[in-house]
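Everything below belongs to query_30.txt, which stores compact mmCIF, C-alpha atoms.
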# COMPACT_ATOMS: atom_id res chain seq x y z
CA MET V 91 -65.46 -102.01 5.28
CA LYS V 92 -66.89 -98.50 5.28
CA TYR V 93 -64.00 -97.26 7.40
CA VAL V 94 -61.47 -98.87 5.08
CA ASP V 95 -63.14 -97.36 2.03
CA THR V 96 -63.28 -93.93 3.68
CA LEU V 97 -59.62 -94.13 4.64
CA GLN V 98 -58.68 -95.23 1.15
CA LYS V 99 -60.59 -92.33 -0.40
CA GLN V 100 -58.92 -89.88 1.99
CA LEU V 101 -55.47 -91.19 1.12
CA GLU V 102 -56.25 -91.02 -2.60
CA SER V 103 -57.53 -87.47 -2.17
CA MET V 104 -54.36 -86.48 -0.29
CA ALA V 105 -52.21 -88.09 -2.97
CA ASP V 106 -54.08 -86.25 -5.71
CA GLY V 107 -53.71 -82.99 -3.80
CA PHE V 108 -49.98 -83.57 -3.31
CA VAL V 109 -49.55 -84.31 -7.03
CA GLN V 110 -51.47 -81.17 -7.92
CA ALA V 111 -49.41 -79.10 -5.44
CA LEU V 112 -46.11 -80.68 -6.48
CA PRO V 113 -45.36 -78.11 -9.23
CA SER V 114 -46.00 -75.29 -6.74
CA LEU V 115 -43.72 -76.95 -4.17
CA VAL V 116 -40.95 -77.35 -6.73
CA ILE V 117 -41.28 -73.70 -7.72
CA ALA V 118 -41.25 -72.69 -4.03
CA LEU V 119 -38.09 -74.75 -3.51
CA MET V 120 -36.49 -73.07 -6.49
CA VAL V 121 -37.45 -69.69 -5.03
CA LEU V 122 -35.65 -70.63 -1.79
CA VAL V 123 -32.55 -71.64 -3.74
CA VAL V 124 -32.65 -68.33 -5.60
CA THR V 125 -33.13 -66.57 -2.27
CA TRP V 126 -30.03 -68.29 -0.87
CA ALA V 127 -27.98 -67.17 -3.87
CA ALA V 128 -29.45 -63.66 -3.71
CA ALA V 129 -28.63 -63.39 -0.01
CA ARG V 130 -24.98 -64.32 -0.64
CA PHE V 131 -24.78 -61.87 -3.54
CA ALA V 132 -26.41 -59.10 -1.49
CA VAL V 133 -23.94 -59.66 1.37
CA ARG V 134 -21.02 -59.40 -1.08
CA ILE V 135 -22.42 -56.11 -2.40
CA ALA V 136 -22.87 -54.89 1.18
CA ASP V 137 -19.27 -55.86 2.00
CA LYS V 138 -18.00 -53.87 -0.97
CA LEU V 139 -20.05 -50.83 0.02
CA THR V 140 -19.03 -50.93 3.69
CA GLY V 141 -15.42 -51.73 2.74
CA ARG V 142 -15.13 -48.25 1.25
CA THR V 143 -16.14 -46.67 4.54
CA SER V 144 -14.36 -46.43 7.90
CA ILE V 145 -17.10 -47.99 10.02
CA ARG V 146 -16.18 -50.59 12.65
CA ASN V 147 -16.07 -54.32 11.89
CA ASP V 148 -18.96 -55.09 14.25
CA LEU V 149 -21.17 -52.57 12.42
CA LYS V 150 -20.20 -54.19 9.12
CA GLN V 151 -21.30 -57.55 10.54
CA LEU V 152 -24.57 -56.00 11.69
CA PHE V 153 -25.21 -54.53 8.23
CA ASP V 154 -24.45 -57.89 6.55
CA THR V 155 -26.79 -59.72 8.93
CA LEU V 156 -29.64 -57.28 8.34
CA VAL V 157 -29.21 -57.48 4.57
CA ARG V 158 -29.21 -61.29 4.68
CA LEU V 159 -32.26 -61.28 6.97
CA LEU V 160 -34.26 -58.94 4.72
CA VAL V 161 -33.50 -61.01 1.61
CA TRP V 162 -34.54 -64.23 3.34
CA ILE V 163 -37.77 -62.71 4.69
CA PHE V 164 -38.70 -61.44 1.23
CA GLY V 165 -37.80 -64.76 -0.45
CA SER V 166 -39.62 -66.83 2.19
CA LEU V 167 -42.81 -64.81 1.74
CA ILE V 168 -42.67 -65.38 -2.03
CA ALA V 169 -42.06 -69.12 -1.55
CA LEU V 170 -44.99 -69.43 0.87
CA THR V 171 -47.24 -67.52 -1.52
CA VAL V 172 -46.32 -69.91 -4.34
CA ALA V 173 -46.58 -73.09 -2.25
CA VAL V 174 -49.79 -72.07 -0.46
CA PRO V 175 -52.02 -70.01 -2.79
CA SER V 176 -54.29 -69.03 0.08
CA PHE V 177 -51.35 -67.50 1.95
CA THR V 178 -50.89 -63.73 1.74
CA PRO V 179 -48.41 -61.56 3.67
CA ALA V 180 -51.23 -59.26 4.79
CA GLY V 181 -53.18 -62.21 6.14
CA ALA V 182 -50.13 -63.53 7.94
CA PHE V 183 -49.51 -60.23 9.71
CA ALA V 184 -53.20 -59.90 10.53
CA GLY V 185 -53.29 -63.40 11.98
CA LEU V 186 -50.32 -62.95 14.29
CA GLY V 187 -52.36 -61.56 17.22
CA VAL V 188 -52.24 -63.88 20.24
CA GLY V 189 -49.76 -66.13 18.43
CA ALA V 190 -47.22 -63.32 18.26
CA LEU V 191 -47.70 -62.65 21.97
CA ALA V 192 -47.12 -66.33 22.80
CA ILE V 193 -44.05 -66.46 20.58
CA GLY V 194 -42.77 -63.27 22.22
CA PHE V 195 -42.96 -64.84 25.68
CA ALA V 196 -41.44 -68.10 24.49
CA PHE V 197 -38.48 -66.42 22.78
CA GLN V 198 -38.13 -63.51 25.18
CA ASP V 199 -34.46 -64.19 25.95
CA ILE V 200 -33.60 -64.59 22.27
CA PHE V 201 -35.29 -61.32 21.33
CA GLU V 202 -33.68 -59.59 24.31
CA ASN V 203 -30.20 -60.73 23.31
CA PHE V 204 -30.91 -59.83 19.68
CA LEU V 205 -31.91 -56.28 20.56
CA ALA V 206 -29.01 -55.96 23.01
CA GLY V 207 -26.62 -57.12 20.27
CA VAL V 208 -27.91 -54.45 17.88
CA LEU V 209 -27.55 -51.74 20.53
CA ILE V 210 -24.05 -52.92 21.49
CA MET V 211 -22.95 -52.77 17.85
CA LEU V 212 -24.41 -49.30 17.41
CA ARG V 213 -22.73 -47.70 20.41
CA ASP V 214 -19.24 -46.26 20.17
CA LYS V 215 -17.62 -48.15 23.03
CA MET V 216 -16.65 -51.83 23.37
CA ASN V 217 -15.43 -52.81 19.94
CA ILE V 218 -13.78 -55.98 18.67
CA GLY V 219 -10.26 -56.14 20.08
CA ASP V 220 -11.06 -54.26 23.29
CA SER V 221 -10.03 -55.66 26.65
CA ILE V 222 -13.04 -55.61 28.97
CA GLU V 223 -14.22 -56.81 32.37
CA CYS V 224 -17.83 -57.64 33.24
CA ASN V 225 -19.20 -59.80 36.07
CA LYS V 226 -15.71 -61.10 36.94
CA ILE V 227 -15.11 -62.05 33.28
CA GLN V 228 -11.99 -60.35 31.99
CA GLY V 229 -10.65 -60.76 28.49
CA LYS V 230 -10.45 -59.56 24.91
CA VAL V 231 -13.51 -59.21 22.66
CA GLU V 232 -13.03 -61.48 19.65
CA ARG V 233 -16.48 -61.43 18.05
CA ILE V 234 -19.86 -59.72 18.49
CA THR V 235 -22.94 -61.36 17.00
CA LEU V 236 -26.61 -60.45 17.26
CA ARG V 237 -27.10 -62.89 20.14
CA GLU V 238 -23.77 -63.34 21.93
CA THR V 239 -20.28 -61.96 22.36
CA HIS V 240 -17.12 -64.08 22.31
CA ILE V 241 -14.55 -63.05 24.94
CA ARG V 242 -11.09 -64.61 25.02
CA GLN V 243 -10.06 -64.50 28.66
CA PHE V 244 -6.48 -63.61 29.55
CA THR V 245 -6.07 -67.14 30.89
CA GLY V 246 -6.79 -68.53 27.40
CA GLU V 247 -10.39 -69.75 27.73
CA LEU V 248 -13.08 -68.58 25.32
CA THR V 249 -16.24 -67.38 27.09
CA VAL V 250 -19.49 -66.93 25.15
CA VAL V 251 -21.50 -64.22 26.90
CA PRO V 252 -25.17 -63.34 26.15
CA ASN V 253 -25.44 -59.80 24.87
CA SER V 254 -28.11 -58.93 27.43
CA MET V 255 -25.58 -59.47 30.25
CA LEU V 256 -23.12 -57.05 28.67
CA PHE V 257 -25.89 -54.54 28.04
CA LYS V 258 -27.46 -54.66 31.51
CA ASN V 259 -24.30 -54.76 33.63
CA PRO V 260 -21.42 -52.30 33.99
CA VAL V 261 -18.59 -53.06 31.57
CA ARG V 262 -15.04 -51.88 32.26
CA ILE V 263 -13.13 -51.16 29.06
CA LEU V 264 -9.52 -51.59 30.09
CA ASN V 265 -7.89 -50.13 26.98
CA ASP V 266 -10.17 -47.16 26.33
CA GLU V 267 -7.11 -44.93 26.82
CA PRO V 268 -3.54 -45.67 25.63
CA VAL V 269 -2.27 -45.79 29.22
CA ARG V 270 -3.79 -46.91 32.51
CA ARG V 271 -2.82 -46.16 36.10
CA ASP V 272 -1.43 -48.81 38.41
CA GLU V 273 -0.37 -48.53 42.04
CA LEU V 274 1.60 -50.17 44.81
CA VAL V 275 1.91 -49.68 48.59
CA VAL V 276 5.41 -49.88 50.10
CA GLY V 277 6.24 -49.64 53.81
CA VAL V 278 9.54 -48.22 55.14
CA SER V 279 10.90 -48.27 58.68
CA TYR V 280 10.11 -45.48 61.13
CA ASP V 281 13.77 -44.51 61.63
CA CYS V 282 14.53 -43.69 57.98
CA ASP V 283 14.56 -40.28 56.27
CA LEU V 284 11.10 -40.10 54.71
CA ASP V 285 12.03 -37.41 52.17
CA ARG V 286 14.96 -39.50 50.99
CA ALA V 287 12.78 -42.61 50.84
CA GLU V 288 10.18 -40.74 48.78
CA THR V 289 12.83 -39.62 46.28
CA LEU V 290 14.23 -43.14 45.99
CA LEU V 291 10.81 -44.64 45.37
CA ARG V 292 9.95 -42.08 42.69
CA ASP V 293 13.26 -42.46 40.85
CA ALA V 294 13.11 -46.25 41.02
CA VAL V 295 9.65 -46.39 39.39
CA LYS V 296 10.55 -43.76 36.79
CA GLY V 297 13.39 -45.92 35.55
CA VAL V 298 11.21 -48.99 34.95
CA GLU V 299 10.62 -49.93 31.32
CA GLY V 300 6.95 -49.56 30.40
CA VAL V 301 6.20 -46.67 32.76
CA ASP V 302 4.96 -43.64 30.83
CA SER V 303 7.60 -40.96 31.18
CA ASN V 304 5.16 -38.24 30.04
CA LYS V 305 3.07 -38.63 33.20
CA ALA V 306 4.35 -37.97 36.71
CA VAL V 307 4.91 -40.76 39.21
CA LEU V 308 2.97 -40.02 42.38
CA VAL V 309 4.57 -40.99 45.70
CA VAL V 310 2.76 -39.94 48.90
CA ALA V 311 2.99 -41.04 52.52
CA GLN V 312 -0.29 -42.78 53.16
CA ALA V 313 -0.51 -44.17 56.69
CA PHE V 314 1.20 -44.95 60.00
CA ASN V 315 1.16 -48.72 59.95
CA SER V 316 1.94 -51.03 62.86
CA SER V 317 5.56 -51.57 61.79
CA SER V 318 6.12 -49.10 58.98
CA ILE V 319 5.16 -45.86 57.33
CA ASP V 320 3.33 -46.74 54.12
CA PHE V 321 3.88 -44.91 50.83
CA LEU V 322 1.34 -45.05 48.01
CA ILE V 323 3.04 -45.17 44.60
CA GLN V 324 1.02 -44.58 41.43
CA TRP V 325 2.22 -44.61 37.83
CA TRP V 326 0.86 -44.87 34.29
CA ALA V 327 1.64 -47.80 31.98
CA ASP V 328 0.47 -49.52 28.80
CA THR V 329 -3.16 -50.62 28.86
CA SER V 330 -2.33 -54.24 27.98
CA PRO V 331 -3.00 -56.21 31.19
CA ARG V 332 -0.06 -58.58 30.61
CA ASP V 333 2.32 -55.65 30.10
CA MET V 334 0.99 -54.00 33.26
CA ARG V 335 1.74 -57.12 35.29
CA VAL V 336 5.30 -57.22 33.98
CA THR V 337 5.70 -53.50 34.63
CA LYS V 338 4.49 -53.91 38.21
CA SER V 339 6.90 -56.80 38.77
CA ASP V 340 9.81 -54.71 37.46
CA ALA V 341 8.72 -51.81 39.69
CA ILE V 342 8.76 -54.04 42.79
CA LYS V 343 12.26 -55.27 41.93
CA ALA V 344 13.53 -51.75 41.28
CA ILE V 345 12.06 -50.45 44.56
CA LYS V 346 13.61 -53.31 46.55
CA ALA V 347 17.03 -52.72 44.98
CA ALA V 348 16.88 -48.95 45.54
CA LEU V 349 15.92 -49.25 49.22
CA ASP V 350 18.50 -51.98 49.86
CA GLY V 351 21.20 -49.80 48.28
CA GLU V 352 20.45 -47.01 50.77
CA GLY V 353 20.08 -49.34 53.72
CA ILE V 354 16.38 -48.50 54.18
CA GLU V 355 14.46 -51.35 55.70
CA ILE V 356 11.14 -52.69 54.45
CA PRO V 357 10.12 -54.03 57.86
CA TYR V 358 8.26 -57.18 58.66
CA PRO V 359 5.38 -56.71 61.11
CA TYR V 360 6.82 -56.33 64.63
CA VAL V 361 5.06 -57.92 67.60
CA THR V 362 5.52 -56.39 71.07
CA ASN V 363 4.37 -58.39 74.12
CA THR V 364 3.49 -56.37 77.23
CA PHE V 365 3.07 -57.92 80.70
CA LYS V 366 1.35 -56.18 83.60
CA GLU V 367 3.93 -57.50 86.10
CA ALA V 368 7.67 -58.05 85.76
CA LEU V 369 8.61 -61.62 84.99
CA PRO V 370 10.46 -63.40 87.88
CA ILE V 371 13.36 -64.35 85.63
CA ASP V 372 15.88 -64.82 88.48
CA ARG V 373 13.44 -66.91 90.45
CA ALA V 374 12.79 -69.08 87.47
CA HIS V 375 16.51 -69.71 87.04
CA SER V 376 16.91 -70.63 90.71
CA GLN V 377 13.98 -73.01 90.58
CA ASP V 378 15.49 -74.67 87.50
CA LYS V 379 18.81 -75.16 89.36
CA ARG V 380 17.11 -76.72 92.41
CA ALA V 381 15.12 -78.99 90.14
CA ALA V 382 18.34 -80.10 88.47
Go ahead and express the file in the form of structure tokens.
Amino acid sequence: MKYVDTLQKQLESMADGFVQALPSLVIALMVLVVTWAAARFAVRIADKLTGRTSIRNDLKQLFDTLVRLLVWIFGSLIALTVAVPSFTPAGAFAGLGVGALAIGFAFQDIFENFLAGVLIMLRDKMNIGDSIECNKIQGKVERITLRETHIRQFTGELTVVPNSMLFKNPVRILNDEPVRRDELVVGVSYDCDLDRAETLLRDAVKGVEGVDSNKAVLVVAQAFNSSSIDFLIQWWADTSPRDMRVTKSDAIKAIKAALDGEGIEIPYPYVTNTFKEALPIDRAHSQDKRAA
């Protein structure tokens, strides 16, 4: 019976304590509600302030997130102070110690991605709307958050990439300049006029829609191949990857038509068989006749 009485007294004591703390808990809950409203209001004010500036969209998102985070930290500290009278911000920071170290190890990846996201937003390159390539992921940046970046691949899939991967690895920004260089190797037969072939190739690529006419088309003889002399053709086109593919397709068609019009062959690989001794062709025919 002693244990039952002790348990009953403990439960009654806990109930009395909860009733006594109930007003503080209600006030703390109201403080959190006010904090939620204040965070939304503060973000709206931040949007109006940043809307008057010319900063990038990702930096605006970073500013909104930091404002919301600061308001919630301040409101949460007030709510904890009201709900738990013995709680003080100074005591909380002083008591972090080993606990903060353990939390740091446990959430290492989260903190790493968070810091990487802040640094990515602060740097000038790789903005929302850029076409990038990183670790065989190629696509358009749709959104940058403090933890991850959303990349819409050119094949249509959405890839969510941790910010630390984009920060630690080389990132190719495909549309950093208005135009980007593309190239193609074309082989012509050994018996053609190489100067004439070079002129045809250059004029054919110049006439393709999408090729930048302000930049020269480079055509140079590159190598003696097994069946052809190879020309390297380089031109500048729009940075949009889809447009570059279409431009390259049109260039191949234009080159084929131009060479066909002049009767210049784009040779298939030739195979030459060499025998150390002459083949006994006559003898083979005679043996076939006797066998018949």
Handout entry: atom CA of Met255 of chain V to atom CA of Asp199 of chain V, straight-line distance in Å
Key =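 So the two atoms, atom CA of Asp199 of chain V and atom CA of Met255 of chain V, lie 10.9 Å apart.
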Handout entry: Which of V:Val123, V:Ile200, V:Leu290, V:Leu152 sits closest to Ala136 of chain V [using all atoms listed in the file]
Key =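 Checking each of V:Val123, V:Ile200, V:Leu290, V:Leu152 against Ala136 of chain V, counting all atoms listed in the file, the winner is V:Leu152.
Considering all atoms listed in the file, the residue among V:Gln228, V:Ser166, V:Ser279, V:Gln151 positioned nearest to Val251 of chain V is V:Gln228.
The residue that comes closest to Ala341 of chain V, out of V:Lys296, V:Asp320, V:Ala132, V:Ser303 and on the basis of only C-alpha atoms, is V:Lys296.
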Exercise for the section: Rounded to one decimal place, report the atom CA of Val261 of chain V-atom CA of Lys226 of chain V distance in Å. Expected result: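 Atom-to-atom, atom CA of Val261 of chain V and atom CA of Lys226 of chain V are spaced 10.1 Å apart.
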Edge lengths and centre, in Å to one decimal, as JSON: that's what I need for the box along x, y and z that holds all listed atoms of segment 301-307 of chain V plus 4 Å on each side.
{"center_x": 5.3, "center_y": -42.3, "center_z": 34.6, "size_x": 12.5, "size_y": 16.7, "size_z": 17.2}
Exercise for the section: To one decimal in Å, tell me the separation between atom CA of Leu167 of chain V and atom CA of Arg237 of chain V. Expected result: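 It comes out at 24.3 Å.
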Could you give me, as a Markdown table, every segment 131-179 of chain V residue with an atom at most 7 Å from segment 113-122 of chain V, plus its closest atom pair and distance in Å to one decimal, counting only C-alpha atoms, rows ordered by chain then number?
| residue | atom | partner | partner_atom | distance |
| --- | --- | --- | --- | --- |
| V:Gly165 | CA | V:Leu122 | CA | 6.4 |
| V:Ser166 | CA | V:Leu122 | CA | 6.8 |
| V:Ala169 | CA | V:Ala118 | CA | 4.4 |
| V:Leu170 | CA | V:Ala118 | CA | 7.0 |
| V:Val172 | CA | V:Ala118 | CA | 5.8 |
| V:Ala173 | CA | V:Ser114 | CA | 5.0 |
Exercise for the section: Find, counting all atoms listed in the file, the residue in V:Val124, V:Ile319, V:Val301, V:Cys224 that gets nearest to Ile263 of chain V. Expected result: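 Nearest to Ile263 of chain V: V:Cys224.
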Handout entry: Test item: residues at most 8 Å from Ala344 of chain V, only C-alpha atoms, excluding those fewer than 3 positions along its chain, as a list in words
Key =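 Non-adjacent residues within range: Ala294, Val295, Val298, Asp340, Ala341, Ala347 and Ala348 of chain V.
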Problem - Exercise: Leu156 of chain V partners within 12 Å, all atoms listed in the file, chain neighbours under 4 positions left out, as a ChimeraX atom specification - result: /V:129,132-133,136,149-152,160-163,204,208,235-236
Practice task
For Val309 of chain V, work out the shell of residues within 9 Å, counting only C-alpha atoms and skipping chain neighbours fewer than 6 positions away, then give it as a list in words.
Solution key: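 Listed by chain and then number, they are Glu288, Thr289, Leu291, Arg292, Phe321, Leu322, Ile323, Gln324 and Trp325 of chain V.
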Exercise for the section: Fewer than 3 positions away in the same chain doesn't count, so skip those; otherwise give me all residues within 10 Å of segment 213-223 of chain V, counting only C-alpha atoms, as a count of residues only. Expected result: 33
Exercise for the section: Give the answer as one residue: which of V:Asp333, V:Asp328, V:Glu355, V:Asp137 has the shortest atom-to-atom distance to Tyr280 of chain V, using all atoms listed in the file? Expected result: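 With all atoms listed in the file as the atom set, the closest residue is V:Glu355.
With all atoms listed in the file as the basis for measurement, V:Val278 is the residue among V:Arg270, V:Ala313, V:Met334, V:Val278 that approaches Ile356 of chain V most closely.
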Rebuild all heavy atoms on segment 355-366 of chain V, as a short mmCIF file (atom, residue, chain, number, x, y, z; two decimals), keeping the file's coordinate frame?
data_model
loop_
_atom_site.label_atom_id
_atom_site.label_comp_id
_atom_site.auth_asym_id
_atom_site.auth_seq_id
_atom_site.Cartn_x
_atom_site.Cartn_y
_atom_site.Cartn_z
N GLU V 355 15.11 -50.08 55.45
CA GLU V 355 14.46 -51.35 55.70
C GLU V 355 12.99 -51.33 55.26
O GLU V 355 12.29 -50.33 55.45
CB GLU V 355 14.54 -51.68 57.20
CG GLU V 355 13.89 -53.00 57.59
CD GLU V 355 13.85 -53.20 59.09
OE1 GLU V 355 14.19 -52.25 59.83
OE2 GLU V 355 13.46 -54.30 59.51
N ILE V 356 12.56 -52.45 54.66
CA ILE V 356 11.14 -52.69 54.45
C ILE V 356 10.74 -53.68 55.55
O ILE V 356 10.92 -54.89 55.41
CB ILE V 356 10.87 -53.30 53.06
CG1 ILE V 356 11.40 -52.38 51.96
CG2 ILE V 356 9.37 -53.53 52.85
CD1 ILE V 356 11.26 -52.94 50.56
N PRO V 357 10.22 -53.19 56.64
CA PRO V 357 10.12 -54.03 57.86
C PRO V 357 9.02 -55.06 57.77
O PRO V 357 7.96 -54.84 57.18
CB PRO V 357 9.84 -53.01 58.96
CG PRO V 357 9.16 -51.89 58.27
CD PRO V 357 9.75 -51.81 56.88
N TYR V 358 9.31 -56.21 58.39
CA TYR V 358 8.26 -57.18 58.66
C TYR V 358 7.41 -56.65 59.80
O TYR V 358 7.85 -55.80 60.58
CB TYR V 358 8.86 -58.54 59.04
CG TYR V 358 9.49 -59.27 57.89
CD1 TYR V 358 10.87 -59.24 57.71
CD2 TYR V 358 8.72 -59.99 57.01
CE1 TYR V 358 11.46 -59.92 56.65
CE2 TYR V 358 9.29 -60.68 55.96
CZ TYR V 358 10.67 -60.63 55.78
OH TYR V 358 11.24 -61.30 54.74
N PRO V 359 6.19 -57.13 59.96
CA PRO V 359 5.38 -56.71 61.11
C PRO V 359 6.06 -57.10 62.42
O PRO V 359 6.47 -58.24 62.61
CB PRO V 359 4.06 -57.48 60.93
CG PRO V 359 4.01 -57.80 59.47
CD PRO V 359 5.43 -58.00 59.04
N TYR V 360 6.24 -56.08 63.32
CA TYR V 360 6.82 -56.33 64.63
C TYR V 360 5.72 -56.66 65.62
O TYR V 360 4.62 -56.10 65.56
CB TYR V 360 7.59 -55.10 65.13
CG TYR V 360 8.81 -54.77 64.31
CD1 TYR V 360 9.14 -53.45 64.03
CD2 TYR V 360 9.62 -55.77 63.81
CE1 TYR V 360 10.26 -53.13 63.28
CE2 TYR V 360 10.74 -55.47 63.04
CZ TYR V 360 11.05 -54.15 62.78
OH TYR V 360 12.16 -53.85 62.04
N VAL V 361 6.01 -57.55 66.55
CA VAL V 361 5.06 -57.92 67.60
C VAL V 361 5.70 -57.59 68.94
O VAL V 361 6.81 -58.04 69.25
CB VAL V 361 4.70 -59.42 67.54
CG1 VAL V 361 3.76 -59.77 68.69
CG2 VAL V 361 4.05 -59.75 66.20
N THR V 362 5.03 -56.78 69.75
CA THR V 362 5.52 -56.39 71.07
C THR V 362 4.59 -56.97 72.12
O THR V 362 3.37 -56.70 72.11
CB THR V 362 5.56 -54.86 71.22
OG1 THR V 362 6.41 -54.33 70.19
CG2 THR V 362 6.11 -54.47 72.58
N ASN V 363 5.15 -57.79 73.03
CA ASN V 363 4.37 -58.39 74.12
C ASN V 363 4.56 -57.56 75.39
O ASN V 363 5.69 -57.28 75.80
CB ASN V 363 4.82 -59.83 74.37
CG ASN V 363 4.53 -60.72 73.17
OD1 ASN V 363 3.51 -60.58 72.54
ND2 ASN V 363 5.46 -61.63 72.87
N THR V 364 3.47 -57.18 76.01
CA THR V 364 3.49 -56.37 77.23
C THR V 364 2.86 -57.16 78.37
O THR V 364 1.76 -57.71 78.22
CB THR V 364 2.72 -55.05 77.01
OG1 THR V 364 3.28 -54.36 75.89
CG2 THR V 364 2.80 -54.18 78.24
N PHE V 365 3.57 -57.21 79.52
CA PHE V 365 3.07 -57.92 80.70
C PHE V 365 2.79 -56.91 81.82
O PHE V 365 3.55 -55.95 82.01
CB PHE V 365 4.09 -58.96 81.18
CG PHE V 365 4.42 -60.00 80.15
CD1 PHE V 365 5.47 -59.82 79.24
CD2 PHE V 365 3.67 -61.15 80.05
CE1 PHE V 365 5.76 -60.77 78.29
CE2 PHE V 365 3.96 -62.11 79.09
CZ PHE V 365 5.00 -61.92 78.22
N LYS V 366 1.72 -57.10 82.52
CA LYS V 366 1.35 -56.18 83.60
C LYS V 366 2.37 -56.21 84.74
O LYS V 366 2.62 -55.20 85.40
CB LYS V 366 -0.04 -56.52 84.12
CG LYS V 366 -1.15 -56.27 83.11
CD LYS V 366 -2.51 -56.57 83.72
CE LYS V 366 -3.62 -56.27 82.71
NZ LYS V 366 -4.96 -56.55 83.27
#
